[in-house]
Structure formats: C-alpha cells, structure tokens
>>> print(open('data-v2.pdb').read())   # PDB, C-alpha atoms
MODEL        1
ATOM      1  CA  LEU J   1       4.774   8.718   4.899  1.00  0.00           C
ATOM      2  CA  VAL J   2       2.197  11.464   4.812  1.00  0.00           C
ATOM      3  CA  GLY J   3      -1.370  10.973   5.975  1.00  0.00           C
ATOM      4  CA  LYS J   4      -4.397  13.084   5.202  1.00  0.00           C
ATOM      5  CA  VAL J   5      -8.023  12.290   5.977  1.00  0.00           C
ATOM      6  CA  SER J   6     -11.156  13.430   4.200  1.00  0.00           C
ATOM      7  CA  ASN J   7     -14.783  12.428   4.488  1.00  0.00           C
ATOM      8  CA  THR J   8     -15.597  13.512   0.936  1.00  0.00           C
ATOM      9  CA  MET J   9     -14.963  12.116  -2.530  1.00  0.00           C
ATOM     10  CA  ASP J  10     -13.340  15.391  -3.594  1.00  0.00           C
ATOM     11  CA  SER J  11     -10.495  14.998  -6.081  1.00  0.00           C
ATOM     12  CA  SER J  12      -8.933  18.353  -5.192  1.00  0.00           C
ATOM     13  CA  PHE J  13      -8.290  17.030  -1.674  1.00  0.00           C
ATOM     14  CA  CYS J  14      -6.376  14.096  -3.171  1.00  0.00           C
ATOM     15  CA  VAL J  15      -4.335  16.385  -5.410  1.00  0.00           C
ATOM     16  CA  ARG J  16      -3.423  18.598  -2.431  1.00  0.00           C
ATOM     17  CA  ALA J  17      -2.448  15.564  -0.331  1.00  0.00           C
ATOM     18  CA  GLN J  18      -0.280  14.170  -3.117  1.00  0.00           C
ATOM     19  CA  LYS J  19       1.447  17.531  -3.632  1.00  0.00           C
ATOM     20  CA  SER J  20       1.987  17.814   0.124  1.00  0.00           C
ATOM     21  CA  ALA J  21       3.569  14.354   0.256  1.00  0.00           C
ATOM     22  CA  MET J  22       5.964  15.151  -2.571  1.00  0.00           C
ATOM     23  CA  THR J  23       6.886  18.492  -1.005  1.00  0.00           C
ATOM     24  CA  LEU J  24       7.466  17.057   2.474  1.00  0.00           C
ATOM     25  CA  THR J  25       9.466  14.049   1.306  1.00  0.00           C
ATOM     26  CA  GLY J  26      11.268  15.717  -1.580  1.00  0.00           C
ATOM     27  CA  ARG J  27      10.625  12.595  -3.627  1.00  0.00           C
ATOM     28  CA  LYS J  28       8.437  11.694  -6.574  1.00  0.00           C
ATOM     29  CA  THR J  29       6.906   8.263  -6.849  1.00  0.00           C
ATOM     30  CA  LYS J  30       7.025   6.332 -10.128  1.00  0.00           C
ATOM     31  CA  ASP J  31       3.569   4.878  -9.799  1.00  0.00           C
ATOM     32  CA  ILE J  32       0.460   5.089  -7.667  1.00  0.00           C
ATOM     33  CA  TYR J  33      -1.940   2.254  -6.902  1.00  0.00           C
ATOM     34  CA  HIS J  34      -5.477   3.054  -5.834  1.00  0.00           C
ATOM     35  CA  ASP J  35      -9.072   2.027  -6.254  1.00  0.00           C
ATOM     36  CA  GLN J  36     -11.409   3.271  -8.953  1.00  0.00           C
ATOM     37  CA  GLY J  37     -13.266   5.807  -6.825  1.00  0.00           C
ATOM     38  CA  SER J  38     -14.532   8.956  -8.494  1.00  0.00           C
ATOM     39  CA  GLN J  39     -11.822  11.101  -6.911  1.00  0.00           C
ATOM     40  CA  PHE J  40      -9.107   8.898  -8.451  1.00  0.00           C
ATOM     41  CA  SER J  41     -10.677   8.640 -11.892  1.00  0.00           C
ATOM     42  CA  SER J  42     -11.359  12.376 -12.173  1.00  0.00           C
ATOM     43  CA  ALA J  43      -9.680  14.476 -14.840  1.00  0.00           C
ATOM     44  CA  GLU J  44      -8.103  16.673 -12.140  1.00  0.00           C
ATOM     45  CA  TRP J  45      -6.339  13.718 -10.465  1.00  0.00           C
ATOM     46  CA  THR J  46      -5.280  11.840 -13.605  1.00  0.00           C
ATOM     47  CA  THR J  47      -4.041  15.003 -15.320  1.00  0.00           C
ATOM     48  CA  GLU J  48      -2.016  16.015 -12.261  1.00  0.00           C
ATOM     49  CA  LEU J  49      -0.260  12.653 -12.109  1.00  0.00           C
ATOM     50  CA  SER J  50       0.215  12.361 -15.872  1.00  0.00           C
ATOM     51  CA  ASN J  51       1.813  15.812 -15.996  1.00  0.00           C
ATOM     52  CA  LYS J  52       4.324  14.625 -13.392  1.00  0.00           C
ATOM     53  CA  GLY J  53       5.067  11.405 -15.279  1.00  0.00           C
ATOM     54  CA  ILE J  54       3.522   9.216 -12.579  1.00  0.00           C
ATOM     55  CA  GLN J  55       2.082   5.892 -13.751  1.00  0.00           C
ATOM     56  CA  ILE J  56      -1.480   5.259 -12.554  1.00  0.00           C
ATOM     57  CA  SER J  57      -2.656   1.722 -11.791  1.00  0.00           C
ATOM     58  CA  MET J  58      -6.360   1.058 -11.412  1.00  0.00           C
ATOM     59  CA  ASP J  59      -6.564  -2.358 -13.067  1.00  0.00           C
ATOM     60  CA  GLY J  60      -7.309  -5.571 -11.187  1.00  0.00           C
ATOM     61  CA  LYS J  61      -3.661  -6.630 -11.253  1.00  0.00           C
ATOM     62  CA  GLY J  62      -2.474  -3.419  -9.625  1.00  0.00           C
ATOM     63  CA  ARG J  63      -5.183  -3.006  -7.048  1.00  0.00           C
ATOM     64  CA  TRP J  64      -4.079  -2.297  -3.500  1.00  0.00           C
ATOM     65  CA  MET J  65      -5.012  -5.749  -2.161  1.00  0.00           C
ATOM     66  CA  GLU J  66      -2.689  -7.480  -4.599  1.00  0.00           C
ATOM     67  CA  ILE J  67       0.111  -5.021  -3.929  1.00  0.00           C
ATOM     68  CA  TYR J  68      -0.314  -5.383  -0.174  1.00  0.00           C
ATOM     69  CA  ASN J  69      -0.805  -9.156  -0.024  1.00  0.00           C
ATOM     70  CA  HIS J  70       1.355 -10.427  -2.885  1.00  0.00           C
ATOM     71  CA  ARG J  71       4.090  -7.890  -3.539  1.00  0.00           C
ATOM     72  CA  GLY J  72       4.411  -5.980  -0.279  1.00  0.00           C
ATOM     73  CA  LYS J  73       7.292  -6.968   1.975  1.00  0.00           C
ATOM     74  CA  HIS J  74       6.222  -6.542   5.590  1.00  0.00           C
ATOM     75  CA  GLN J  75       8.725  -5.995   8.382  1.00  0.00           C
ATOM     76  CA  GLY J  76       6.508  -7.779  10.903  1.00  0.00           C
ATOM     77  CA  LEU J  77       6.520 -10.870   8.667  1.00  0.00           C
ATOM     78  CA  GLY J  78      10.276 -11.041   8.203  1.00  0.00           C
ATOM     79  CA  TYR J  79      10.091  -8.953   5.009  1.00  0.00           C
ATOM     80  CA  MET J  80       7.859 -11.500   3.324  1.00  0.00           C
ATOM     81  CA  ALA J  81       4.533 -10.959   1.586  1.00  0.00           C
ATOM     82  CA  PRO J  82       1.480 -12.169   3.565  1.00  0.00           C
ATOM     83  CA  TRP J  83       0.357 -14.623   0.876  1.00  0.00           C
ATOM     84  CA  SER J  84       3.715 -16.457   0.996  1.00  0.00           C
ATOM     85  CA  ILE J  85       3.231 -17.154   4.705  1.00  0.00           C
ATOM     86  CA  TYR J  86      -0.491 -17.800   4.904  1.00  0.00           C
ATOM     87  CA  SER J  87      -0.973 -19.672   1.599  1.00  0.00           C
ATOM     88  CA  ASP J  88       0.671 -22.793   3.043  1.00  0.00           C
ATOM     89  CA  ARG J  89      -1.871 -23.103   5.873  1.00  0.00           C
TER      90      ARG J  89
ENDMDL
END
>>> encode(input="data-v2.pdb", output="structure tokens")
Amino acid sequence: LVGKVSNTMDSSFCVRAQKSAMTLTGRKTKDIYHDQGSQFSSAEWTTELSNKGIQISMDGKGRWMEIYNHRGKHQGLGYMAPWSIYSDR
C-alpha cells in the first residue's frame, strides 16, 4: 500500500502517485475504482491508465462505497463484507 496526500485537484499528482505505487510494489492493478472528481476524469489520468491496460470504474456500481461495503473482505470482520454483518441488524 502506498499513500500520497495532496490538497489540490491536480491530475498530475494522481498520475505520479499511481506510477510510484506500481514502481514500489512491482505490480500492476487490473482495475481502479475512484470517484468522478476532475483529477480522475482528466485526459491525463484516463490516458495514463488506458495505456497501461488498467480498467477504470467510475460508474455507480463500481464506486468506492460499494466496493468497500459490499465486496471488500475485512480482516477485522472475519474476512466478511460490512453489509453482510450489519444488514441483519
């Protein structure tokens, strides 16, 4: 996991952070889920990912909240998704 922080909506920062993550980990992700902020819908960002064959998800079904709450397996929850635990309450 690589973390970078910015207080701007600059797409070049996102491209640099993504390149840094791939360099440090030596791995390439298949897809990236993010919101529809200007930095993630910019030509610089989308072109960079498309050139690397990375699938971009910005639709409602792939938004981070769904990934986190419905598909994400969390160690602290016994490797279950939050919705599967809290939906029964």
>>> closest_residue(input="data-v2.pdb", among="J:Ile67, J:Leu49, J:Leu77, J:Cys14", to="Asp31 in chain J", atoms="all atoms listed in the file")
J:Leu49
>>> resolve_selection(input="data-v2.pdb", expression="the PyMOL selection byres ((chain J and resi 3-11) around 10)", output="PyMOL selection string")
chain J and resi 1-2+12-18+20-21+37-46
>>> atom_distance(input="data-v2.pdb", atom1="CA of Lys28 in chain J", atom2="CA of Asn51 in chain J")
12.2 Å
>>> atom_distance(input="data-v2.pdb", atom1="CA of Ile32 in chain J", atom2="CA of Trp83 in chain J")
21.5 Å
>>> atom_distance(input="data-v2.pdb", atom1="CA of Lys30 in chain J", atom2="CA of Tyr79 in chain J")
21.7 Å
>>> residues_around(input="data-v2.pdb", residues="Gly72 in chain J", least_positions_apart="6", cutoff="9 Å", atoms="only C-alpha atoms", output="PyMOL selection string")
chain J and resi 66+79-82
